[in-house]
Each structure stands twice: as structure tokens, then as C-alpha cells.
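Presented below is the structure to which this report refers.
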Amino acid sequence: MKVTIDGITVDVEPGTSILNAARQIGGDIVPPAMCYYSKLQGSGGKCRTCLVKVTKGSEKDPRPMPKLVASCRTGVMDGMEVQNITSPEVVEARKGVVEMLLINHPLDCPVCDQAGECHLQDLGFEHGAAKTRYEFDRRTFEKIDIGDKIQLHMTRCILCYRCVFTADQITNTRLHGILNRGDHSEISTYISKAVDNDFSGNVIDVCPVGALTDKTFRFKNRVWFTKPVEAHRDCDKCCGKVTLWYKGEDVIRVTGRKDVYGEVEEFICNTCRFDKKKTADWVIEGPRKVSHQSVISANHYEFTPLPVVKTNPVLMEANKEQFERETRL
Amino acid sequence: MGRKLLLEHINVPGINTFDVYRSKGGYASVEKALKTMSPEAIVEEVKKSGLRGRGGAGFPTGMKWSFLAKPEGVARYLVCNGDESEPGTFKDRYLMTYIPHLLIEGMIVSSFALGANTSYIYLRGEMMPQVRILERAIAEAKAKGFLGKNILGTGYDLELYVQPGGGAYICGEETALLESLEGKRGNPRIKPPFPAIAGLYGCPTVVNNVESIAAVVPIINEGGDEYAKIGIGRSTGTKLISAGGNLKKPGVYEIELGVPVEEFIYSDEYCGGIANGKRLKAVVAGGSSVPILPANLILKTINNEARLMSYESLSDGGFVSGTMLGSGGFIAYDEDACIVRNTWNFARFYHHESCGQCSPCREGTGWMEKVLHRLEYGHGKMSDMDLLVDVSKKIEGNTICPLGDAAAWPVASAIRHFRDEFEWHVTNASEATSRNYGLAHYADPLKVVETA
Amino acid sequence: MLRVDEAQEPVEFSPELITKFDEIVSRYPQGKQKSGLLPILHLVQAEFGWVSAPAMDKVAEYLSILPIEVYEVATFYTMYFLRPQGKYVLEVCRTSGCCLVGAEKIMDHIEETLGVKEGEVTPDGLFSWRGVECLAACGFGPVLQIGPEYTFYENLTNESVDKLISDLKAKAKN
């Protein structure tokens with residue numbers, strides 16, 4: 001099937017969504033997505049940031065679609081023509097959606113652990129307005145611990161439902177959900193319960209904002225001062241492929257490996273995530289490639305982080321390269 | 001005197017019982033349909049009748065039925081939408097309370113036409129009395145062989161159940177209704193797939209308003225062509241109008257589509273004019289979500305023609321000078337009504353009823369309510385009106401379901417037509433908290449624009 | 001924050017109630033028993049006056065679904081009370097049509113008569129009241145309804161409200 005997005009044509013499998021077709025093309029024409037997560041069935045359609053304009057329905061039925069559509073949940077048709085960044089209407093609508101997402105967001109980035117890898121930050125920076133027109137008190141909630149490893153900071157939540165889908169699809173049971181409705185909706189367990197099972201930690205990875213954070217990493221460091229390194233281990237529960245986040249010589253955080261759209265490649269278990277925080281637990285593969293646009297690439301590999309185990313030539317080489325590049329810049 | 005198709009026998013004592021209803025010709029359409037017609041023929045009659053969905057959107061019912069997927073071996077469902085919650089609309093409650101068998105008769109014929117063997121009537125939870133009324137009526141019909149196995153010996157089986165909701169306006173949206181019927185939160189589904197392909201329990205499903213289903217009865221009895229003769233243009237048949245607000249005789253009226261709005265408001269056959277001898281200021285013609293119009297624009301179109309109670313005439317002029325028939329919730333405002341307060345009231349309603357699934361509606365409805373609250377209580381700014389219009393535009397069309405549009409239109413239209421009243425609330429803030437703006441020029445005759 | 005921390009009384013469903021549940025569940029296809037959740041919660045509320053967390057857990061157990069699925073639903077819909085209420089909850093329509101004909105004054109009058117604010121329970125445990133959104137009776141406003149039967153009282157005046165309240169007080173005594 002052929003679909004044209006912002007003038008670029010691509011061949012895709014039938015059943016592909018417009019968003020995924022755009023991701024196959026890549027670059028600036030990929031709509032942002034806050035709630036869609038390709039590994040979670042049924043996700044998407046809610047945040048409305050990925051709205052696009054379909055100017056031609058298909059070869060067979062060339063009528064345009066009357067409204068902007070959520071590209072993550074709209075399948076492509078053969079001959080479909082879509083406008084994303086080339087449509088002023090889309091740009092305007094997206095700006096509106098970003099404004100809506102931000103009016104009740106606390107904007108507490110300076111104290112938020114997610115800052116630097118927060119999708120809402122990126123979204124606001126790329127698509128939002130410079131000022132807010134909202135003049136009322138923002139919605140607030142108290143922080144709660146769901147389990148001893150995960151903290152829920154509901155005030156920051158944008159209600160993407162990803163963590164709910166994760167609990168349904170990745171873990172064996174679900175204890176938290178969306179309670180209440182409208183702008184009072186919140187993620188909660190209703191009765192104080194610990195969300196604690198082998199895969200519960202993945203809700204941290206899927207959360208696009210700082211609503212679900214890793215308590216073992218809480219206030220330890222800003223992500224841009226940490227050094228991400230790819231590593232793996234033999235794990236009987238999950239794939240064991242992770243990203244280790246170093247501060248000096250210590251692993252201060254373990255996460256799944258995320259792709260350019262912030263989605264983990266494979267979900268990891270809580271043992272890997274919370275309990276294996278020694279370099280000796282892992283086989284190091286090398287430094288993680290971070291987009292030069294990301295604030296995380298601002299860190300420097302100025303020393304070898306692995307004195308406890310045998311030297312890793314690959315890692316050292318990569319560190320050196322990055323160090324040179326950074327000092328040159 | 002217009003023809004009455006649905007409410008003809010509404011004043012007959014005991015019409016809510018099977019025997020009286022039957023003696024007035026009730027259930028004739030079931031006999032006719034099941035014994036002499038094929039399901040396709042029924043769908044054809046409904047198509048011919050030109051019946052349009054009475055729940056608000058006005059989509060042709062026959063066409064909706066013909067979209068229903070019919071895969072082999074998969075159950076199909078008919079679900080009746082009785083989640084009547086649109087402010088201003090109360091026709092379905094009235095119909096189900098006083099003439100419940102009409103709905104059941106319509107459900108049997110429609111279910112047969114669609115090949116459904118289990119059908120549900122979903123009522124809003126607050127309608128518990130109507131749940132009891134319908135359940136009693138269903139039991140009566142079942143005892144007489146009009147429901148259950150092998151109806152009237154034709155071999156057609158149908159079970160009919162009444163399902164109460166839990167209190168949520170959003171469940172009037174068809175996919176939210178199906179979610180609710182499946183025992184979930186009433187979050188509208190993302191379409192496609194449409195219910196006609198994958199609805200209740202993933203099976204092909206048709207969702208129709210109570211009044212649409214009831215209208216199938218006269219269509220089958222008299223034939224689609226006869227039904228189509230009533231009304232005007234593409235607005236065929238009769239429509240129940242819920243008249244409320246500052247009217248002398250509020251209530252549910254069955255009108256032939258095409259009655260002039262002026263006649264509907266002022267004639268003694270219908271509402272009998274404005275209560276307490278006051279003057280008309282504004283009208284919401286089709287339930288809270290349609291644009292509000294000032295008196296002069298509701299009585300006459302922008303071309304100075306009389307406005308009629310029909311889908312086309314009410315929407316004449318688009319959103320600039322027109323409105324919509326919607327669900328037929330007709331609210332009249334007299335000269336003492338405050339449009340700002342009313343708009344705030346509507347905004348509060350939509351804020352309260354937003355399901356919270358998609359961001360523009362979840363956040364935008366609350367924002368609009370707060371700004372309107374500020375205006376009503378004398379803390380508004382001149383820029384608030386533009387802000388409201390802009391926020392409403394950011395919501396409209398960008399949401400999963402039509403609730404976003406429904407929340408945006410009343411606000412945008414109130415500012416479009418009553419901007420000076422809003423501005424007066426800012427400039428005369430302290431005065432605005434103690435008295436109303438009054439009628440002003442809202443009933444003045446329209447200026448006729450000379451056309452070259 | 002919506003979290004229940006205090007321990008709530010455990011509940012037991014009577015066999016009669018379970019029979020009613022069984023009848024409701026029989027309306028849906030095999031395996032779709034979750035459809036019965038809303039009607040069952042109404043029955044639970046009618047029995048106990050509100051829907052407590054242990055009651056919701058019991059319902060989840062009965063329907064073989066997760067407790068959180070019940071919490072999600074019970075908090076979404078406005079008719080379910082998650083806190084104990086008065087024996088009679090006066091729910092007054094506060095939307096446009098009723099406001100045009102004096103719903104706000106009726107609410108003020110109820111507040112004054114009962115002496116409690118919206119959502120609070122009178123000291124004798126008999127009454128609470130709240131404003132609710134459109135009850136679909138706009139032509140007969142102001143209106144209020146009282147659960148669990150959801151009986152309707154239309155065309156309210158201060159006098160009819162006074163009479164209603166005194167009638168209910170008398171009814172509660174007997």
C-alpha cells in the first residue's frame with residue numbers, strides 16, 4: 001500500500017497506522033505521540049497530539065476526511081494522502097492540545113526526575129506556545145507510593161492510560177486503574193495496595209511524564225549527568241537487555257532500552273530493574289547512542305567507569321570518542 | 001392539528017397496560033412484520049420513510065441499519081439508547097413512562113429486521129421508575145407470546161432486557177453506551193471500527209434512540225411512503241419536541257416536522273407563548289449542545305423567512321445564524337434570563353460530564369467553566385470572550401467523541417450572538433451580580449440586507 | 001486523592017440478593033457476566049445505602065473480575081455513593097432548564113431546611129442532598145429524585161419540599 005505523508009510516499013503493509021507509516025519515513029514529519037505505545041494493544045487515540053489531516057482518503061474513495069484524525073489509530077488506505085507539518089490546521093490544533101495538556105501540569109521540571117527525558121517537555125518545547133493563558137489554580141494530588149519501588153505523582157499525569165495497559169498486558173494482574181472521571185480522573189489503587197509483581201516496574205518506563213518514577217533513583221541525579229550504557233545479563237524472567245545509567249562508577253538506575261520514540265524495545269523484569277545495580281551483575285555492551293539533540297548527550301565520558309571488572313575496550317574507545325567530540329564542540 | 005403517530009393514544013386511560021394498548025391497535029406492526037414481511041423488506045420501508053435518528057445526530061435510520069455487517073454464525077445486537085441526558089430533552093422519559101409498549105413493539109420489529117435475537121434497552125440509571133415500567137411491560141408482552149421463543153408461531157426468537165446505567169451523560173454516545181453495557185467505564189471507543197461492524201461484545205450492533213425505534217411502528221403499519229409524506233423535505237414524519245424553560249405550557253409535543261417555530265412557541269395547540277406575559281429572549285432549539293439563538297434569529301432565518309421546526313430550516317445559516325434540531329430539546333428563555341449564567345451552567349454540565357479520556361475535552365471543558373464562572377461573578381476581563389472562543393475552537397473537532405463539539409458550540413454561539421451581554425458583565429461587573437441585562441435588542445426585527 | 005485507607009466493615013450478601021444477581025447475569029451471553037456490574041452495584045447500594053470497598057470486592061469476586069475493574073466503574077458513574085449518605089438523598093437537578101424555573105432557590109431552601117451543606121448528612125442520619133446534572137424532566141422543573149427507587153418529585157415549590165421532607169421524616173419513624 002502506498003501512502004503519502006507531507007509529500008513523501010512510502011510503501012507499507014496493509015493495516016499499518018498513519019503514525020507507523022510516518023515512523024517508517026522518519027524525521028520531522030513523524031507526529032508526536034504521548035499515549036500511543038506500539039507494544040501495548042489498544043493504546044493511543046487519547047492524547048490527540050498526533051492529529052493529522054487526511055486530504056485524500058484513498059485511491060478508491062478520494063474524499064478527504066472531515067475532521068483531523070488521530071494518526072496512531074487510523075489505518076492507511078492505498079493512495080491515502082496525509083498532511084502533518086505541512087497543514088497549518090494540524091499545527092494549530094496540536095498547539096491547542098499541548099496547551100490543554102499543560103494547563104493542569106505542575107511544570108515542576110526543576111525537581112522532577114523525568115526532566116531531560118520527559119516527552120511532555122519535548123512536546124511543549126517543539127509544539128507548544130511560549131506563554132500560558134491559564135490563570136487558575138492547577139489540579140493537585142498528593143504523592144503516593146504504590147509499592148516500595150514506585151512512586152505515583154498524580155499531579156504530573158496526563159492520563160495516557162499506558163500504565164493501565166501495561167499492567168493488563170505485561171503483568172499478571174492489575175491493581176491500579178483510572179478512577180473518577182473528567183478532569184478529576186486519576187490513577188490510583190483505590191484501596192492502599194502495593195503494585196508489586198515481576199513486571200510492575202515497566203509502568204515507569206512507559207510513563208511519558210514524571211508521574212510514575214523509580215524510587216530507587218529518586219533525586220539521585222539529573223539524567224543528563226548520568227551515563228547510559230547498554231548491558232545485558234542472563235535472566236530467567238525477561239530478556240535481560242537493559243540500559244544502565246551510571247553516576248561515576250555506580251549504576252544508579254536500570255531501565256529498558258528505549259528507541260527513538262521513547263518506547264522500550266523489550267520489557268524487563270523487576271529483578272533486573274531494581275536489584276541488579278552492580279556493574280558485576282552485567283555484561284557491558286557499550287555506551288548507548290543518544291541523539292545529539294537530547295539533553296542526555298550533554299554528558300561527558302571523561303573516565304573509565306569500570307575499574308572493578310576487567311577493562312572493556314569497546315566502552316573505553318567509545319567513551320574516548322565521545323569525550324573528544326564533546327570537548328571539540 | 002398535526003398528525004400524531006406516536007402519542008395518538010397517550011391520553012387513553014390504562015394505555016400503559018398490554019390489553020388497552022392492544023385494543024388500540026398495538027402490536028399490529030409485529031404481526032404484519034413477522035408474518036408477512038422479510039427483514040430486508042422492513043429495512044427497505046424504513047429507508048423509504050426517510051426516518052432520521054431522533055437522538056440528535058439525525059443520521060438516516062434505514063441507512064444505519066443497512067450498514068450492519070452480517071457475518072455467518074455471529075450474533076447481532078440491537079441496543080436501544082435510552083440514556084436521555086441532554087439538558088432540555090425529556091421526550092424519551094415521557095414516552096416510556098406513559099406508553100412503554102410502543103417502544104417494545106418497535107424493538108420487536110426492529111430486532112427482527114436486523115436479525116437480533118437478544119436486544120437491550122439501555123436506560124440512564126436515574127430512570128429506575130422507567131426500568132420497572134418497561135420490565136413490567138416486557139413481562140406482559142412475553143406472557144402474550146410477543147417475546148421469547150417462537151414469537152406468534154413464526155419461529156423468530158427474541159429476548160429483550162432493560163439495562164440501567166449509572167449516571168453519565170457520555171453514555172448517550174453510542175460506543176460509550178456499549179462500553180457501559182459491557183460493565184466498563186463509559187469511555188467512548190475510538191472509531192473505526194463502527195458498531196455496525198464491531199459493537200457490543202465485538203459483534204455487529206445497531207444503536208438507536210428510543211424515539212427512532214418507536215417511529216418504526218407507524219412506518220411498518222402505514223408504509224414508509226406514507227410516513228415520508230408527513231413533514232417537509234428531508235425532514236419526514238413527526239418528531240417529539242420537549243419544550244421547557246419559560247414557556248406557558250411546557251411539555252412533550254408531537255409535531256409534524258415543518259411547523260413554524262413561531263407557531264410552536266405561541267399557538268395554544270403547543271406551548272402557548274412565554275410564561276407570565278414576558279417576552280422571548282433566546283431559544284436553545286435542540287438540546288443544550290446546539291447553538292443558542294436570540295429571539296429574532298430563531299423566529300426568522302437570516303433571509304427573513306419564517307424558521308420551521310425541521311432539520312434543514314433550523315440549520316439554515318449554518319453556525320453563523322442557524323442552529324440544529326438535535327434531539328428536540330427546546331428551551332425558551334424569557335427576558336429575565338441571564339445568558340452568561342446559562343452558558344456557565346451548560347459549561348459546568350459538560351465539565352462535569354466529560355469522561356476525561358482525551359485531553360482537549362478533559363482540560364478544555366474545565367477551563368471554559370472557570371472562565372465563565374469568573375465572568376458571571378463579576379471578575380471577568382474583556383479578553384475572556386476571545387479566550388473562550390479560542391478554547392472552544394481548540395476543543396471542537398479534535399476529540400474522540402462529539403461531547404467536545406457539544407461542549408464547544410453552546411459557548412461559542414452564546415458569545416457570537418450575545419457578546420454585548422458578556423461585555424456588559426465585564427464593564428458593569430457589580431451591577432451584573434444584582435440585575436440582568438434584559439432583552440436588549442435580541443428580539444428586534446432582523447435588518448433585511450438588500451441584495452443587488 | 002482517591003484512596004480508602006480506613007478499614008471498612010466487611011459485608012455479606014444475602015441469598016436473596018445473590019438470586020437477584022444470578023437473574024441479572026443470566027441476561028448476557030456466556031462469559032460476559034461483567035455486563036451485570038452496573039445493575040448489581042445498584043442493588044448493592046439499595047441494600048446497604050452506599051457502595052463500600054469490601055462490597056465492591058465481593059462484587060468482583062462474584063463476577064470473577066478484578067476488584068480494580070469495579071472501583072473504576074463505581075467511581076466513574078455519579079449515582080454510586082462511595083461514602084455513607086443519609087437515608088434519603090435528595091438529588092436536585094441543577095441544569096439550565098430547571099434553573100430557569102427556580103432550581104437554585106429550591107436548593108437554597110433545602111440547605112436551609114435541612115441545615116446541612118451539599119453532600120453532608122443531617123445529624124439524625126436521615127437526609128443528605130446534592131445538586132445533580134440534568135435529570136431529563138426539564139418541562140416539569142424544578143425536580144428532585146430520591147433513591148434507591150429514584151422516585152420523582154416535579155414542579156417543586158418551597159411548600160412542596162417542606163411537605164416532602166416532613167413526610168419522609170414521618171415515614172422514617174414508622
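Here's how to read the names in the C-alpha cells: chain A, B, ... by the order shown, residue numbers from 1 in each chain, ligand numbers from 1 in the order shown.
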
Practice item. Specify as a ChimeraX atom specification all residues of chain B found within 7 Å of chain C, counting only C-alpha atoms. Key: /B:84-85,87-90,126,128-129,161,164-168,181-185,243-246,250-251,331,342,345-346,349

Practice item. Excluding Arg132 in chain B and any residue of its chain fewer than 6 positions from it, enumerate the residues within 10 Å of it, using only C-alpha atoms, and give them as an MDAnalysis selection string. Key: (chainID B and resid 97 138 162) or (chainID C and resid 149)

Practice item. Check every residue of chain A for an atom within 7 Å of chain C, counting only C-alpha atoms, and provide those that qualify as number ranges by chain. Key: A: 141-142, 175-181, 188, 190-192

Give me, as a short mmCIF file (atom, residue, chain, number, x, y, z; two decimals) with N, CA and C atoms, in the first residue's frame, the contact residues of chain B against chain A at a cut-off of 10 Å, counting only C-alpha atoms.
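Just written: out.cif:
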data_model
loop_
_atom_site.label_atom_id
_atom_site.label_comp_id
_atom_site.auth_asym_id
_atom_site.auth_seq_id
_atom_site.Cartn_x
_atom_site.Cartn_y
_atom_site.Cartn_z
N ALA B 168 -24.27 8.91 33.79
CA ALA B 168 -23.21 9.51 32.98
C ALA B 168 -23.80 9.92 31.64
N ARG B 185 -16.21 1.43 32.25
CA ARG B 185 -16.35 2.88 32.31
C ARG B 185 -16.89 3.36 30.96
N GLY B 186 -17.69 4.41 30.99
CA GLY B 186 -18.30 4.89 29.75
C GLY B 186 -17.35 5.73 28.92
N ASN B 187 -16.23 5.17 28.55
CA ASN B 187 -15.31 5.89 27.67
C ASN B 187 -15.65 5.58 26.22
N ARG B 189 -15.44 4.69 22.42
CA ARG B 189 -14.39 3.96 21.72
C ARG B 189 -13.87 4.81 20.57
N ILE B 190 -12.68 4.45 20.15
CA ILE B 190 -12.10 5.15 19.02
C ILE B 190 -12.57 4.45 17.76
N LYS B 191 -13.15 5.26 16.84
CA LYS B 191 -13.70 4.68 15.63
C LYS B 191 -12.81 5.00 14.44
N PRO B 192 -12.71 4.17 13.43
CA PRO B 192 -13.30 2.84 13.31
C PRO B 192 -12.65 1.85 14.27
N PRO B 193 -13.23 0.67 14.44
CA PRO B 193 -14.43 0.14 13.81
C PRO B 193 -15.71 0.73 14.38
N TYR B 350 -20.99 20.23 30.99
CA TYR B 350 -20.06 19.47 30.16
C TYR B 350 -18.76 19.17 30.90
N HIS B 351 -18.35 20.08 31.75
CA HIS B 351 -17.17 19.83 32.56
C HIS B 351 -17.41 18.62 33.45
N HIS B 352 -18.60 18.59 34.04
CA HIS B 352 -18.96 17.50 34.94
C HIS B 352 -19.08 16.17 34.20
N GLU B 353 -19.53 16.24 32.94
CA GLU B 353 -19.84 15.02 32.23
C GLU B 353 -18.73 14.52 31.30
N SER B 354 -17.68 15.31 31.12
CA SER B 354 -16.59 14.85 30.27
C SER B 354 -16.00 13.57 30.85
N CYS B 355 -15.74 12.59 30.00
CA CYS B 355 -15.26 11.31 30.54
C CYS B 355 -13.80 11.39 30.95
N GLY B 356 -13.07 12.34 30.40
CA GLY B 356 -11.68 12.52 30.80
C GLY B 356 -10.70 11.67 30.02
N GLN B 357 -11.17 11.10 28.94
CA GLN B 357 -10.30 10.22 28.18
C GLN B 357 -9.33 11.01 27.29
N CYS B 358 -9.84 11.96 26.54
CA CYS B 358 -8.95 12.68 25.64
C CYS B 358 -8.72 14.10 26.13
N SER B 359 -7.52 14.60 25.90
CA SER B 359 -7.08 15.81 26.58
C SER B 359 -7.84 17.10 26.24
N PRO B 360 -8.19 17.37 24.99
CA PRO B 360 -8.84 18.68 24.76
C PRO B 360 -10.14 18.83 25.54
N CYS B 361 -10.93 17.77 25.58
CA CYS B 361 -12.21 17.85 26.26
C CYS B 361 -12.01 17.84 27.78
N ARG B 362 -11.15 16.96 28.26
CA ARG B 362 -10.93 16.85 29.70
C ARG B 362 -10.48 18.17 30.30
N GLU B 363 -9.50 18.79 29.66
CA GLU B 363 -8.94 20.03 30.21
C GLU B 363 -9.73 21.25 29.76
N GLY B 364 -10.17 21.24 28.50
CA GLY B 364 -10.81 22.42 27.94
C GLY B 364 -12.16 22.73 28.57
N THR B 365 -12.95 21.70 28.86
CA THR B 365 -14.28 21.96 29.44
C THR B 365 -14.13 22.62 30.81
N GLY B 366 -13.16 22.17 31.58
CA GLY B 366 -12.94 22.77 32.89
C GLY B 366 -12.46 24.21 32.79
N TRP B 367 -11.62 24.44 31.83
CA TRP B 367 -11.08 25.79 31.62
C TRP B 367 -12.22 26.75 31.26
N LYS B 370 -14.35 27.59 34.22
CA LYS B 370 -13.73 28.53 35.17
C LYS B 370 -13.80 29.96 34.65
N VAL B 371 -13.55 30.12 33.36
CA VAL B 371 -13.60 31.48 32.80
C VAL B 371 -15.02 32.02 32.86
N LEU B 387 -10.84 34.55 24.50
CA LEU B 387 -10.22 33.35 25.05
C LEU B 387 -11.18 32.17 24.96
N ASP B 390 -11.58 30.94 21.50
CA ASP B 390 -10.39 30.22 21.06
C ASP B 390 -10.31 28.84 21.70
N VAL B 391 -10.59 28.76 23.00
CA VAL B 391 -10.54 27.46 23.66
C VAL B 391 -11.59 26.53 23.05
N LYS B 393 -12.68 26.53 20.12
CA LYS B 393 -12.20 26.07 18.80
C LYS B 393 -11.14 24.98 18.95
N LYS B 394 -10.36 25.07 20.01
CA LYS B 394 -9.31 24.07 20.22
C LYS B 394 -9.92 22.72 20.61
N ILE B 395 -11.11 22.76 21.18
CA ILE B 395 -11.77 21.51 21.56
C ILE B 395 -12.52 20.93 20.37
N GLU B 396 -13.25 21.81 19.70
CA GLU B 396 -14.16 21.37 18.65
C GLU B 396 -13.44 20.58 17.56
N GLY B 397 -13.96 19.39 17.29
CA GLY B 397 -13.43 18.59 16.20
C GLY B 397 -12.15 17.85 16.53
N ASN B 398 -11.56 18.11 17.69
CA ASN B 398 -10.29 17.46 18.00
C ASN B 398 -10.42 16.35 19.03
N THR B 399 -11.65 15.97 19.33
CA THR B 399 -11.85 14.98 20.39
C THR B 399 -12.28 13.64 19.81
N ILE B 400 -12.30 12.63 20.69
CA ILE B 400 -12.67 11.29 20.25
C ILE B 400 -14.15 11.24 19.89
#

Point to revise | range 271-282 of chain B surroundings by only C-alpha atoms, 12 Å radius, close-in-sequence under 5 positions cut, as a PyMOL selection string | key: (chain B and resi 241-255+261-266+291-299+330-339+342+413-414+417-418+437-444) or (chain C and resi 100-101+139)

Check your understanding: How many Å separate CA of Thr173 in chain A from CA of Arg233 in chain A?
Key -> 26.0 Å

Review point. What's the 8 Å shell around Gly286 in chain B, counting only C-alpha atoms, without same-chain residues fewer than 2 positions away, as a list of chain:residue names?
Key: B:Gly56, B:Gly88, B:Thr89, B:Val284, B:Ser288, B:Ser289, B:Val290, B:Met324, B:Leu325, B:Gly326, B:Ser327, B:Gly328, B:Gly329, B:Phe330

Save out the residues we just selected, C-alpha atoms, as a PDB file, in the first residue's frame.
ATOM      1  CA  GLY B  56     -29.569  14.194  17.971  1.00  0.00           C
ATOM      2  CA  GLY B  88     -33.606  20.218  27.620  1.00  0.00           C
ATOM      3  CA  THR B  89     -34.636  16.791  26.381  1.00  0.00           C
ATOM      4  CA  VAL B 284     -31.952  26.548  22.517  1.00  0.00           C
ATOM      5  CA  SER B 288     -28.049  22.092  25.272  1.00  0.00           C
ATOM      6  CA  SER B 289     -25.323  21.219  22.789  1.00  0.00           C
ATOM      7  CA  VAL B 290     -26.794  23.039  19.795  1.00  0.00           C
ATOM      8  CA  MET B 324     -29.747  22.424  14.815  1.00  0.00           C
ATOM      9  CA  LEU B 325     -32.813  20.321  15.560  1.00  0.00           C
ATOM     10  CA  GLY B 326     -30.664  17.958  17.593  1.00  0.00           C
ATOM     11  CA  SER B 327     -32.681  15.817  19.954  1.00  0.00           C
ATOM     12  CA  GLY B 328     -35.605  18.237  20.061  1.00  0.00           C
ATOM     13  CA  GLY B 329     -34.899  19.700  23.491  1.00  0.00           C
ATOM     14  CA  PHE B 330     -36.493  23.108  23.135  1.00  0.00           C
TER      15      PHE B 330
END

Practice item. Enumerate the residues of range 115-170 of chain C with a DSSP assignment of helix (DSSP H, G or I), computed from the backbone, and present them as a PyMOL selection string. Key: chain C and resi 138-140+158-170

Point to revise | Option closest in space to Lys381 in chain B, from B:Gln163, B:Ser434, B:Asn428, B:Thr343 [counting only C-alpha atoms] | key: B:Asn428

Review point. Hey, what's within 8 Å of range 213-226 of chain A if we count only C-alpha atoms and toss same-chain stuff fewer than 3 positions away? As a VMD selection string, please?
Key: chain A and resid 111 113 to 117 148 to 153 201 204 210 245 to 248 252 to 253 274 295 to 299
